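Shown next: final.cif, containing mmCIF, C-alpha atoms and all ligand atoms.
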data_work
loop_
_atom_site.label_atom_id
_atom_site.label_comp_id
_atom_site.auth_asym_id
_atom_site.auth_seq_id
_atom_site.Cartn_x
_atom_site.Cartn_y
_atom_site.Cartn_z
CA MET A 1 49.82 186.01 152.88
CA LEU A 2 48.64 182.40 152.83
CA ALA A 3 45.53 183.42 150.90
CA GLU A 4 47.71 185.36 148.44
CA LEU A 5 49.81 182.25 147.87
CA ASP A 6 46.68 180.18 147.19
CA LYS A 7 45.54 182.80 144.69
CA LEU A 8 48.96 182.79 143.03
CA LEU A 9 48.87 179.00 142.78
CA GLY A 10 45.38 179.07 141.27
CA SER A 11 46.24 181.67 138.61
CA CYS A 12 49.53 179.97 137.79
CA LEU A 13 47.93 176.58 137.24
CA PHE A 14 45.29 178.24 135.08
CA GLU A 15 47.93 180.00 132.95
CA ILE A 16 49.96 176.81 132.56
CA ASP A 17 46.86 174.91 131.49
CA ARG A 18 46.02 177.51 128.84
CA CYS A 19 49.57 177.78 127.56
CA LYS A 20 50.03 176.47 124.00
CA ASP A 21 53.72 176.85 123.26
CA LEU A 22 57.08 176.34 124.90
CA LYS A 23 58.13 179.99 124.63
CA LYS A 24 55.08 181.19 126.55
CA LEU A 25 55.60 178.46 129.13
CA GLU A 26 59.12 179.73 129.69
CA GLY A 27 57.61 183.23 130.15
CA ILE A 28 55.37 181.88 132.93
CA ARG A 29 58.33 180.20 134.63
CA VAL A 30 60.30 183.46 134.60
CA ALA A 31 57.30 185.46 135.88
CA VAL A 32 57.07 183.11 138.90
CA PHE A 33 60.64 182.01 139.63
CA GLY A 34 62.75 184.66 137.83
CA LYS A 35 64.84 187.30 139.61
CA ASN A 36 61.78 189.48 140.18
CA GLY A 37 59.27 186.63 139.91
CA GLU A 38 56.26 186.42 142.20
CA ILE A 39 57.54 183.52 144.31
CA THR A 40 61.00 185.10 144.49
CA GLU A 41 59.45 188.32 145.80
CA LYS A 42 57.50 186.35 148.40
CA MET A 43 60.68 184.64 149.55
CA LYS A 44 62.40 187.98 149.91
CA TYR A 45 59.47 189.17 152.00
CA LEU A 46 59.89 186.28 154.48
CA LYS A 47 62.60 188.16 156.37
CA ASN A 48 60.03 190.75 157.54
CA LEU A 49 57.90 188.09 159.25
CA SER A 50 57.97 186.77 162.78
CA GLN A 51 59.60 183.46 163.53
CA GLU A 52 56.22 181.69 163.70
CA GLU A 53 54.83 183.26 160.54
CA LYS A 54 58.08 182.44 158.75
CA ARG A 55 57.55 178.77 159.52
CA SER A 56 53.97 178.54 158.20
CA VAL A 57 54.43 180.91 155.22
CA GLY A 58 57.77 179.29 154.32
CA ALA A 59 56.16 175.84 154.30
CA LYS A 60 53.31 177.16 152.15
CA ILE A 61 55.71 178.80 149.71
CA ASN A 62 57.58 175.50 149.32
CA GLU A 63 54.37 173.60 148.75
CA VAL A 64 53.14 176.09 146.11
CA LYS A 65 56.58 176.07 144.50
CA SER A 66 56.72 172.30 144.12
CA VAL A 67 53.16 172.08 142.72
CA ILE A 68 53.94 174.78 140.12
CA ILE A 69 57.29 173.18 139.16
CA GLU A 70 55.67 169.80 138.71
CA LYS A 71 52.94 171.28 136.56
CA LEU A 72 55.47 173.28 134.50
CA ASN A 73 57.57 170.17 133.85
CA ALA A 74 54.58 168.05 132.83
CA LYS A 75 53.31 170.74 130.49
CA SER A 76 56.75 171.28 129.02
CA SER A 77 57.14 167.58 128.05
CA CYS A 78 53.66 167.58 126.63
CA LEU A 79 54.35 170.69 124.48
CA GLU A 80 57.71 169.23 123.33
CA MET A 81 55.89 166.13 122.09
CA ILE A 82 53.35 168.22 120.22
CA GLU A 83 56.08 170.31 118.58
CA LEU A 84 58.00 167.21 117.55
CA GLU A 85 54.89 165.70 116.00
CA LYS A 86 54.21 168.92 114.12
CA LYS A 87 57.80 168.94 112.82
CA LEU A 88 57.64 165.30 111.73
CA ALA A 89 54.32 165.90 109.97
CA SER A 90 55.76 168.87 108.07
CA GLU A 91 58.86 166.90 107.02
CA LYS A 92 56.91 163.85 105.91
CA MET A 93 58.06 162.18 102.70
CA ASP A 94 56.61 159.39 100.70
CA VAL A 95 59.36 156.82 100.19
CA SER A 96 57.17 154.88 97.77
CA MET A 97 57.10 157.80 95.28
CA PRO A 98 58.69 156.84 91.94
CA VAL A 99 62.07 158.53 91.41
CA ASN A 100 62.96 160.39 88.26
CA ALA A 101 66.37 158.74 88.03
CA GLN A 102 67.30 160.62 84.86
CA SER A 103 67.45 163.85 86.81
CA PHE A 104 70.64 162.41 88.37
CA GLY A 105 72.23 162.01 84.93
CA TYR A 106 73.59 158.83 83.41
CA ILE A 107 76.02 156.18 84.54
CA HIS A 108 78.85 155.92 82.02
CA PRO A 109 79.14 152.40 80.51
CA ILE A 110 82.71 152.14 81.88
CA SER A 111 81.53 152.82 85.44
CA LYS A 112 78.78 150.26 84.93
CA VAL A 113 81.27 147.61 83.80
CA PHE A 114 83.53 148.55 86.74
CA SER A 115 80.82 147.69 89.21
CA GLU A 116 79.71 144.58 87.31
CA ILE A 117 83.25 143.14 87.30
CA ALA A 118 83.84 144.08 90.93
CA THR A 119 80.64 142.27 91.93
CA ILE A 120 81.61 139.15 89.96
CA LEU A 121 85.18 139.00 91.31
CA SER A 122 84.09 139.60 94.90
CA GLY A 123 81.91 136.52 94.46
CA TYR A 124 85.06 134.33 94.16
CA GLY A 125 86.50 135.87 97.32
CA PHE A 126 88.83 138.32 95.58
CA ARG A 127 89.67 141.45 97.55
CA PHE A 128 89.89 144.86 95.92
CA ALA A 129 93.24 146.67 95.97
CA GLU A 130 94.43 149.95 94.52
CA GLY A 131 97.69 151.36 93.25
CA PRO A 132 98.71 154.86 92.12
CA ASP A 133 98.16 156.14 88.55
CA ILE A 134 101.59 157.83 88.77
CA GLU A 135 103.99 154.92 89.12
CA SER A 136 107.74 154.54 89.16
CA GLU A 137 109.80 152.67 86.60
CA TYR A 138 110.65 150.16 89.30
CA PHE A 139 107.07 149.06 89.99
CA ASN A 140 105.76 149.46 86.45
CA PHE A 141 108.65 147.60 84.77
CA ASP A 142 111.40 146.18 87.02
CA THR A 143 109.11 144.23 89.36
CA MET A 144 107.29 142.94 86.30
CA ASN A 145 110.49 141.28 85.07
CA MET A 146 111.27 144.04 82.58
CA PRO A 147 114.68 145.31 83.68
CA GLU A 148 116.30 148.41 82.15
CA TYR A 149 116.91 148.07 78.40
CA HIS A 150 114.30 145.28 78.16
CA PRO A 151 112.72 145.72 74.70
CA ALA A 152 109.21 145.43 76.19
CA ARG A 153 109.71 148.80 77.90
CA THR A 154 109.68 150.62 74.58
CA MET A 155 106.70 148.58 73.36
CA HIS A 156 104.63 150.13 76.13
CA ASP A 157 104.64 153.66 74.61
CA THR A 158 105.10 155.13 78.03
CA PHE A 159 104.21 158.68 79.11
CA TYR A 160 107.17 159.71 81.28
CA LEU A 161 106.54 162.59 83.66
CA ASN A 162 108.68 165.64 83.99
CA ILE A 163 109.05 165.33 87.76
CA PRO A 164 112.11 164.31 89.76
CA ALA A 165 112.95 160.61 89.95
CA ASP A 166 113.27 158.90 93.34
CA GLU A 167 114.90 155.71 94.58
CA HIS A 168 112.37 153.79 92.42
CA GLY A 169 113.46 155.55 89.24
CA ARG A 170 111.67 157.90 86.86
CA LYS A 171 107.98 158.70 87.35
CA LEU A 172 105.49 157.72 84.68
CA LEU A 173 101.79 157.17 84.08
CA ARG A 174 101.36 153.46 84.67
CA THR A 175 101.10 151.55 81.42
CA HIS A 176 99.21 148.66 82.99
CA THR A 177 97.61 147.64 86.29
CA SER A 178 100.14 144.83 86.81
CA PRO A 179 102.33 146.84 89.28
CA VAL A 180 99.39 146.61 91.71
CA GLU A 181 100.22 142.87 91.84
CA THR A 182 103.61 143.64 93.38
CA ARG A 183 102.12 146.14 95.81
CA CYS A 184 99.60 143.48 96.98
CA MET A 185 102.27 140.80 97.37
CA LEU A 186 104.51 143.13 99.36
CA LYS A 187 101.70 144.08 101.73
CA ASN A 188 100.13 140.64 102.27
CA LYS A 189 101.17 137.10 102.99
CA PRO A 190 100.12 134.31 100.62
CA PRO A 191 97.69 132.73 99.83
CA LEU A 192 96.37 135.81 97.99
CA ARG A 193 93.35 136.64 95.87
CA PHE A 194 93.39 140.24 94.72
CA PHE A 195 91.96 142.34 91.95
CA THR A 196 92.21 145.95 90.98
CA ILE A 197 90.37 148.06 88.44
CA GLY A 198 91.85 151.33 87.30
CA ARG A 199 93.19 153.69 84.67
CA THR A 200 96.21 152.97 82.54
CA PHE A 201 97.96 155.15 79.95
CA ARG A 202 99.82 154.63 76.68
CA SER A 203 100.64 156.89 73.80
CA ASP A 204 98.36 155.20 71.26
CA TYR A 205 95.24 156.40 69.43
CA ASP A 206 92.89 154.70 66.96
CA ALA A 207 89.43 153.06 66.97
CA THR A 208 90.61 150.22 69.22
CA HIS A 209 93.24 152.11 71.27
CA THR A 210 92.90 155.24 73.41
CA PRO A 211 95.73 156.96 75.33
CA MET A 212 93.82 156.43 78.55
CA PHE A 213 92.04 153.17 79.15
CA ASP A 214 90.99 150.96 82.05
CA GLN A 215 92.12 147.52 83.06
CA VAL A 216 91.02 144.90 85.53
CA GLU A 217 93.93 142.94 86.98
CA MET A 218 93.59 139.77 88.99
CA LEU A 219 96.18 137.84 90.94
CA VAL A 220 95.97 134.52 92.77
CA VAL A 221 98.98 133.23 94.71
CA GLU A 222 98.61 129.76 96.14
CA LYS A 223 100.63 126.57 96.61
CA ASP A 224 99.09 124.76 93.69
CA VAL A 225 97.63 126.87 90.87
CA GLY A 226 98.40 126.94 87.18
CA MET A 227 97.15 127.48 83.64
CA ALA A 228 94.18 125.09 84.02
CA GLN A 229 92.68 127.06 86.92
CA LEU A 230 93.43 130.34 85.16
CA LYS A 231 91.64 129.35 81.95
CA TRP A 232 88.63 128.08 83.88
CA LEU A 233 88.49 131.23 85.98
CA ILE A 234 88.67 133.64 83.04
CA LYS A 235 86.01 131.75 81.11
CA ASP A 236 83.75 131.56 84.14
CA ILE A 237 84.14 135.29 84.84
CA LEU A 238 83.37 136.15 81.21
CA LYS A 239 80.30 133.88 81.16
CA LYS A 240 79.00 135.67 84.24
CA PHE A 241 79.85 139.06 82.78
CA PHE A 242 78.05 138.39 79.50
CA ASN A 243 75.24 136.39 81.13
CA LEU A 244 75.88 133.47 78.81
CA GLU A 245 75.85 129.71 79.38
CA LYS A 246 78.18 129.17 76.43
CA LEU A 247 80.83 131.54 75.24
CA SER A 248 83.78 131.04 72.94
CA VAL A 249 87.01 132.36 74.39
CA ARG A 250 90.35 131.83 72.65
CA PHE A 251 93.61 131.54 74.58
CA ARG A 252 96.38 132.37 72.11
CA PRO A 253 99.93 131.44 73.20
CA SER A 254 101.81 134.69 73.62
CA PHE A 255 104.65 136.37 75.45
CA PHE A 256 104.63 138.65 78.48
CA PRO A 257 107.83 139.15 80.48
CA PHE A 258 105.88 138.75 83.72
CA THR A 259 104.24 135.38 82.96
CA GLU A 260 105.45 132.01 81.75
CA PRO A 261 103.50 130.48 80.07
CA SER A 262 101.51 133.44 78.74
CA ALA A 263 98.39 133.72 76.62
CA GLU A 264 96.32 136.42 75.02
CA VAL A 265 92.59 136.21 75.60
CA ASP A 266 90.34 136.75 72.58
CA ILE A 267 86.59 136.84 72.47
CA ASN A 268 84.38 135.95 69.53
CA TYR A 269 82.13 138.51 67.79
CA SER A 270 80.48 139.57 64.57
CA ILE A 271 79.21 142.89 63.26
CA VAL A 272 75.53 143.03 62.32
CA ASN A 273 74.06 146.34 61.05
CA GLY A 274 77.10 148.21 62.37
CA LYS A 275 76.68 146.74 65.89
CA MET A 276 79.03 144.31 67.56
CA ILE A 277 77.35 141.06 68.53
CA PHE A 278 79.58 138.91 70.68
CA GLY A 279 79.66 135.21 71.41
CA ALA A 280 79.60 134.04 67.76
CA GLY A 281 80.87 134.98 64.31
CA ASP A 282 84.19 134.99 62.53
CA LYS A 283 85.89 137.89 64.29
CA TRP A 284 88.01 137.87 67.41
CA LEU A 285 88.83 140.79 69.66
CA GLU A 286 91.75 140.66 72.03
CA ILE A 287 90.59 141.64 75.50
CA GLY A 288 93.78 141.12 77.48
CA GLY A 289 96.53 138.83 78.61
CA CYS A 290 97.07 136.20 81.24
CA GLY A 291 99.56 133.65 82.46
CA VAL A 292 101.42 131.95 85.27
CA SER A 293 103.49 134.48 87.22
CA HIS A 294 107.20 134.50 86.38
CA PRO A 295 109.37 133.49 89.39
CA ASN A 296 111.05 136.93 89.24
CA VAL A 297 107.66 138.62 89.70
CA LEU A 298 106.93 136.56 92.82
CA LYS A 299 110.44 137.30 94.12
CA ALA A 300 109.95 141.06 93.61
CA GLY A 301 106.78 140.72 95.68
CA GLY A 302 108.70 138.99 98.48
CA ILE A 303 107.24 135.55 97.75
CA ASP A 304 109.32 132.38 97.46
CA PRO A 305 108.65 130.92 93.97
CA SER A 306 109.77 127.47 95.11
CA LYS A 307 106.84 127.39 97.54
CA TYR A 308 104.11 129.36 95.77
CA GLN A 309 102.73 129.86 92.28
CA GLY A 310 100.82 132.80 90.89
CA ILE A 311 98.22 133.15 88.16
CA ALA A 312 97.19 136.52 86.79
CA PHE A 313 95.26 138.30 84.09
CA GLY A 314 94.84 141.85 82.89
CA LEU A 315 91.76 142.63 80.80
CA GLY A 316 90.73 145.86 79.07
CA ILE A 317 87.53 147.30 80.53
CA GLU A 318 86.67 149.32 77.39
CA ARG A 319 86.97 146.20 75.24
CA LEU A 320 84.65 144.30 77.56
CA ALA A 321 82.18 147.19 77.66
CA SER A 322 82.24 147.46 73.85
CA LEU A 323 81.46 143.82 73.41
CA LYS A 324 78.69 143.80 75.97
CA TYR A 325 77.02 147.07 75.03
CA GLY A 326 77.88 147.28 71.31
CA VAL A 327 80.23 150.26 71.08
CA PRO A 328 82.59 149.77 68.10
CA ASP A 329 84.81 152.83 68.56
CA LEU A 330 86.61 153.05 71.91
CA ARG A 331 87.25 156.78 71.43
CA ASN A 332 83.52 157.44 72.04
CA TYR A 333 83.97 156.60 75.71
CA PHE A 334 86.09 159.66 76.32
CA GLU A 335 84.49 162.27 74.08
CA SER A 336 82.00 163.65 76.64
CA ASN A 337 79.29 163.69 74.01
CA GLU A 338 75.94 164.22 75.79
CA GLN A 339 73.90 162.54 73.06
CA TRP A 340 76.12 159.48 73.10
CA ARG A 341 75.80 159.30 76.87
CA GLU A 342 72.03 159.46 76.67
CA THR A 343 72.07 156.54 74.21
CA PHE A 344 74.69 154.36 75.90
CA GLY A 345 74.47 155.58 79.51
CA PHE A 346 72.63 153.73 82.23
CA SER A 347 70.10 154.82 84.80
CA PRO A 348 71.66 155.30 88.25
CA MET A 349 68.98 152.85 89.45
CA ASP A 350 70.64 150.12 87.31
CA LEU A 351 73.83 150.00 89.34
N1 LIG B 401 99.82 143.91 81.77
C1 LIG B 401 99.48 143.39 80.46
C2 LIG B 401 99.18 144.50 79.51
O1 LIG B 401 98.80 145.55 79.92
C3 LIG B 401 98.29 142.49 80.56
C4 LIG B 401 98.56 141.25 81.32
C5 LIG B 401 99.06 140.14 80.68
C6 LIG B 401 98.32 141.22 82.66
C7 LIG B 401 99.30 138.98 81.37
C8 LIG B 401 98.59 140.06 83.39
C9 LIG B 401 99.07 138.94 82.71
O2 LIG B 401 98.37 139.96 84.70
O3 LIG B 401 99.28 137.83 83.40
O4 LIG B 401 99.32 144.33 78.34
#
Will you turn the file into structure tokens for me?
Amino acid sequence: MLAELDKLLGSCLFEIDRCKDLKKLEGIRVAVFGKNGEITEKMKYLKNLSQEEKRSVGAKINEVKSVIIEKLNAKSSCLEMIELEKKLASEKMDVSMPVNAQSFGYIHPISKVFSEIATILSGYGFRFAEGPDIESEYFNFDTMNMPEYHPARTMHDTFYLNIPADEHGRKLLRTHTSPVETRCMLKNKPPLRFFTIGRTFRSDYDATHTPMFDQVEMLVVEKDVGMAQLKWLIKDILKKFFNLEKLSVRFRPSFFPFTEPSAEVDINYSIVNGKMIFGAGDKWLEIGGCGVSHPNVLKAGGIDPSKYQGIAFGLGIERLASLKYGVPDLRNYFESNEQWRETFGFSPMDL
């Protein structure tokens, strides 16, 4: 019996040594320790032995068992390592390979401008906020100091939606990003520095107006801000956006119900060979509006106008994109024309 156990140990160690994969190793383990395995059988046989034999054979069985288990475990970790290395080698990729970015398609100029503006505004410490595209009359107009029957409501060429009104009035597609100002003020305590970028909608259609367009809206609420800071900020943002040291921006006195004083922001351009060249020339394009927040707007946002002041602007993203990338007709942005996208689109690697 003892000699048999030695033989079993010898053949087992030999098999384990020769074994080249984990499945086979498991086979060996089952053949030795399984329900009908060789060691298991030997254990069963113990009961037929005398007390004395039991002691010596039992001790031998235990010794053989622990040597085989140790060897099995060592071999198993070794084979696992080899399999892992094989797997890693087969999944190897060269991260230095050049990428064919065009196979991912093109970044639309509007998306590109989105990320450019967001990067610039984050640099001043502005936080990004979002509001819904489907707004209520209350947020879109009332909080912006345009109560019911205010003439400015009709000037907005609003798309009203055929869905039930709620406590905030009729539902509509927001005509500007300004209602996000109120949502930010209601959710946060001043001082505030917020911006949002998003879609806006008006029933209007020609070369410089599309029924859907995008705006960037910015709001600062602090104890001591006014027109001087606002003008500096807008000019500085535009200089960064256009990568220019000098840029002529015109602030034209204007009227918005939500700001007092208010100004429209125009940017200088000329047309050379059918392309818009900005920064110089005799033409001006309006890119948005700005002003010092009306006390009623601050009040609607839960802010005390005797303690805080707000400055805000709303600029058209398509207008900015047109000036920077030379697209004269805004309608092109939304026509899904593949050829146009190939000409004016950007590589995903440019973002
Ligand atoms: N909401 C205005 C519009 O869509 C733009 C605007 C003007 C936004 C003045 C502002 C502002 O924040 O201060 O025409």
Using only C-alpha atoms and all ligand atoms, find each protein or nucleic acid residue lying at most 8 Å from ligand LIG 401 (chain B); present the set as a list in words.
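Counting only what the definition allows, namely only C-alpha atoms and all ligand atoms, the set is Thr175, His176, Thr177, Ser178, Glu181, Gln215, Glu217, Met218, Leu219, Phe256, Phe258, Thr259, Ser262, Ala263, Glu264, Gly288, Gly289, Cys290, Gly291, Val292, Ser293, Ile311, Ala312, Phe313, Gly314 and Leu315 of chain A.
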At what distance in Å, to one decimal, does CA of Ala165 in chain A lie from CA of Leu298 in chain A?
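Rounded to one decimal, the two atoms are 25.0 Å apart.
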Kindly indicate which residue among A:Ser306, A:Asn243, A:Asp224, A:Thr196 lies nearest to Ser115 in chain A, using all atoms listed in the file for the distances.
A:Thr196
Between A:Leu2, A:Leu330, A:Met349, A:Val67, which residue has the minimum interatomic distance to Tyr106 in chain A, considering all atoms listed in the file?
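Between A:Leu2, A:Leu330, A:Met349, A:Val67, the residue approaching Tyr106 in chain A most closely is A:Met349.
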When distances are computed from all atoms listed in the file, which of A:Pro295, A:Pro328, A:Pro305, A:Gly310 shows the smallest separation from Asn273 in chain A?
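Smallest distance to Asn273 in chain A is found for A:Pro328.
Computed from the coordinates, the CA of Met212 in chain A to CA of Ala321 in chain A distance equals 14.9 Å.
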Suppose you want the space between CA of Ala300 in chain A and CA of Pro179 in chain A; what is it in Å?
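Atom-to-atom, CA of Ala300 in chain A to CA of Pro179 in chain A, that is 10.5 Å.
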Please report, as AutoDock Vina command-line options, the centre and edge lengths in Å to one decimal of an axis-aligned box covering all listed atoms of range 289-301 of chain A with 3 Å per side.
--center_x 103.8 --center_y 136.5 --center_z 87.1 --size_x 20.5 --size_y 15.1 --size_z 23.1
From the list A:Ile28, A:Met146, A:Leu5, A:Val99, which residue is nearest Asn296 in chain A when using only C-alpha atoms?
A:Met146
Mind dumping a table of every range 74-103 of chain A residue within 9 Å of range 11-23 of chain A, with the nearest atom pair and its distance in Å to one decimal, using only C-alpha atoms, sorted by chain and rising number, as CSV?
residue,atom,partner,partner_atom,distance
A:Lys75,CA,A:Ile16,CA,7.2
A:Ser76,CA,A:Leu22,CA,6.5
A:Leu79,CA,A:Leu22,CA,6.3
A:Glu80,CA,A:Leu22,CA,7.3
A:Glu83,CA,A:Asp21,CA,8.4
Those selected residues, please, written with C-alpha atoms and delivered as a compact mmCIF listing (two decimals), keeping the file's coordinate frame.
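Result went into out_3.txt, see below:
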# COMPACT_ATOMS: atom_id res chain seq x y z
CA LYS A 75 53.31 170.74 130.49
CA SER A 76 56.75 171.28 129.02
CA LEU A 79 54.35 170.69 124.48
CA GLU A 80 57.71 169.23 123.33
CA GLU A 83 56.08 170.31 118.58
Using all atoms listed in the file, which of A:Lys299, A:Lys71, A:Arg319, A:Lys275 sits nearest Ile287 in chain A?
A:Arg319
Mind checking which residues fall within 10 Å of Gly279 in chain A, counting only C-alpha atoms, ignoring those fewer than 4 positions away in the same chain, and posting them as a PyMOL selection string?
chain A and resi 239+242+244+246-249+267-270+283-284+323-324
For the residues in the current selection, export C-alpha atoms as a CSV table (one decimal), in the coordinates of the input.
chain,number,residue,atom,x,y,z
A,239,LYS,CA,80.3,133.9,81.2
A,242,PHE,CA,78.0,138.4,79.5
A,244,LEU,CA,75.9,133.5,78.8
A,246,LYS,CA,78.2,129.2,76.4
A,247,LEU,CA,80.8,131.5,75.2
A,248,SER,CA,83.8,131.0,72.9
A,249,VAL,CA,87.0,132.4,74.4
A,267,ILE,CA,86.6,136.8,72.5
A,268,ASN,CA,84.4,136.0,69.5
A,269,TYR,CA,82.1,138.5,67.8
A,270,SER,CA,80.5,139.6,64.6
A,283,LYS,CA,85.9,137.9,64.3
A,284,TRP,CA,88.0,137.9,67.4
A,323,LEU,CA,81.5,143.8,73.4
A,324,LYS,CA,78.7,143.8,76.0
From A:Leu192, A:Ile303, A:Leu238, A:Leu285, residue lying nearest Val220 in chain A [all atoms listed in the file]:
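Of A:Leu192, A:Ile303, A:Leu238, A:Leu285, the one nearest Val220 in chain A, counting all atoms listed in the file, is A:Leu192.
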How close does range 85-200 of chain A get to range 331-336 of chain A? List, as JSON lines, each residue of range 85-200 of chain A within 9 Å, its nearest atom pair and the distance in Å to one decimal, counting only C-alpha atoms.
{"residue": "A:His108", "atom": "CA", "partner": "A:Tyr333", "partner_atom": "CA", "distance": 8.2}
{"residue": "A:Pro109", "atom": "CA", "partner": "A:Tyr333", "partner_atom": "CA", "distance": 8.0}
{"residue": "A:Ile110", "atom": "CA", "partner": "A:Tyr333", "partner_atom": "CA", "distance": 7.7}
Arg202 in chain A: which residues within 6 Å, counting only C-alpha atoms, same-chain residues fewer than 3 positions away excluded, as a VMD selection string?
chain A and resid 157 to 158 175 211
Neighbouring residues of Ala129 in chain A were defined as those with any atom within 8 Å, considering all atoms listed in the file; residues of the same chain fewer than 6 positions away were excluded. Please report them as a ChimeraX atom specification.
/A:180,184,194-196
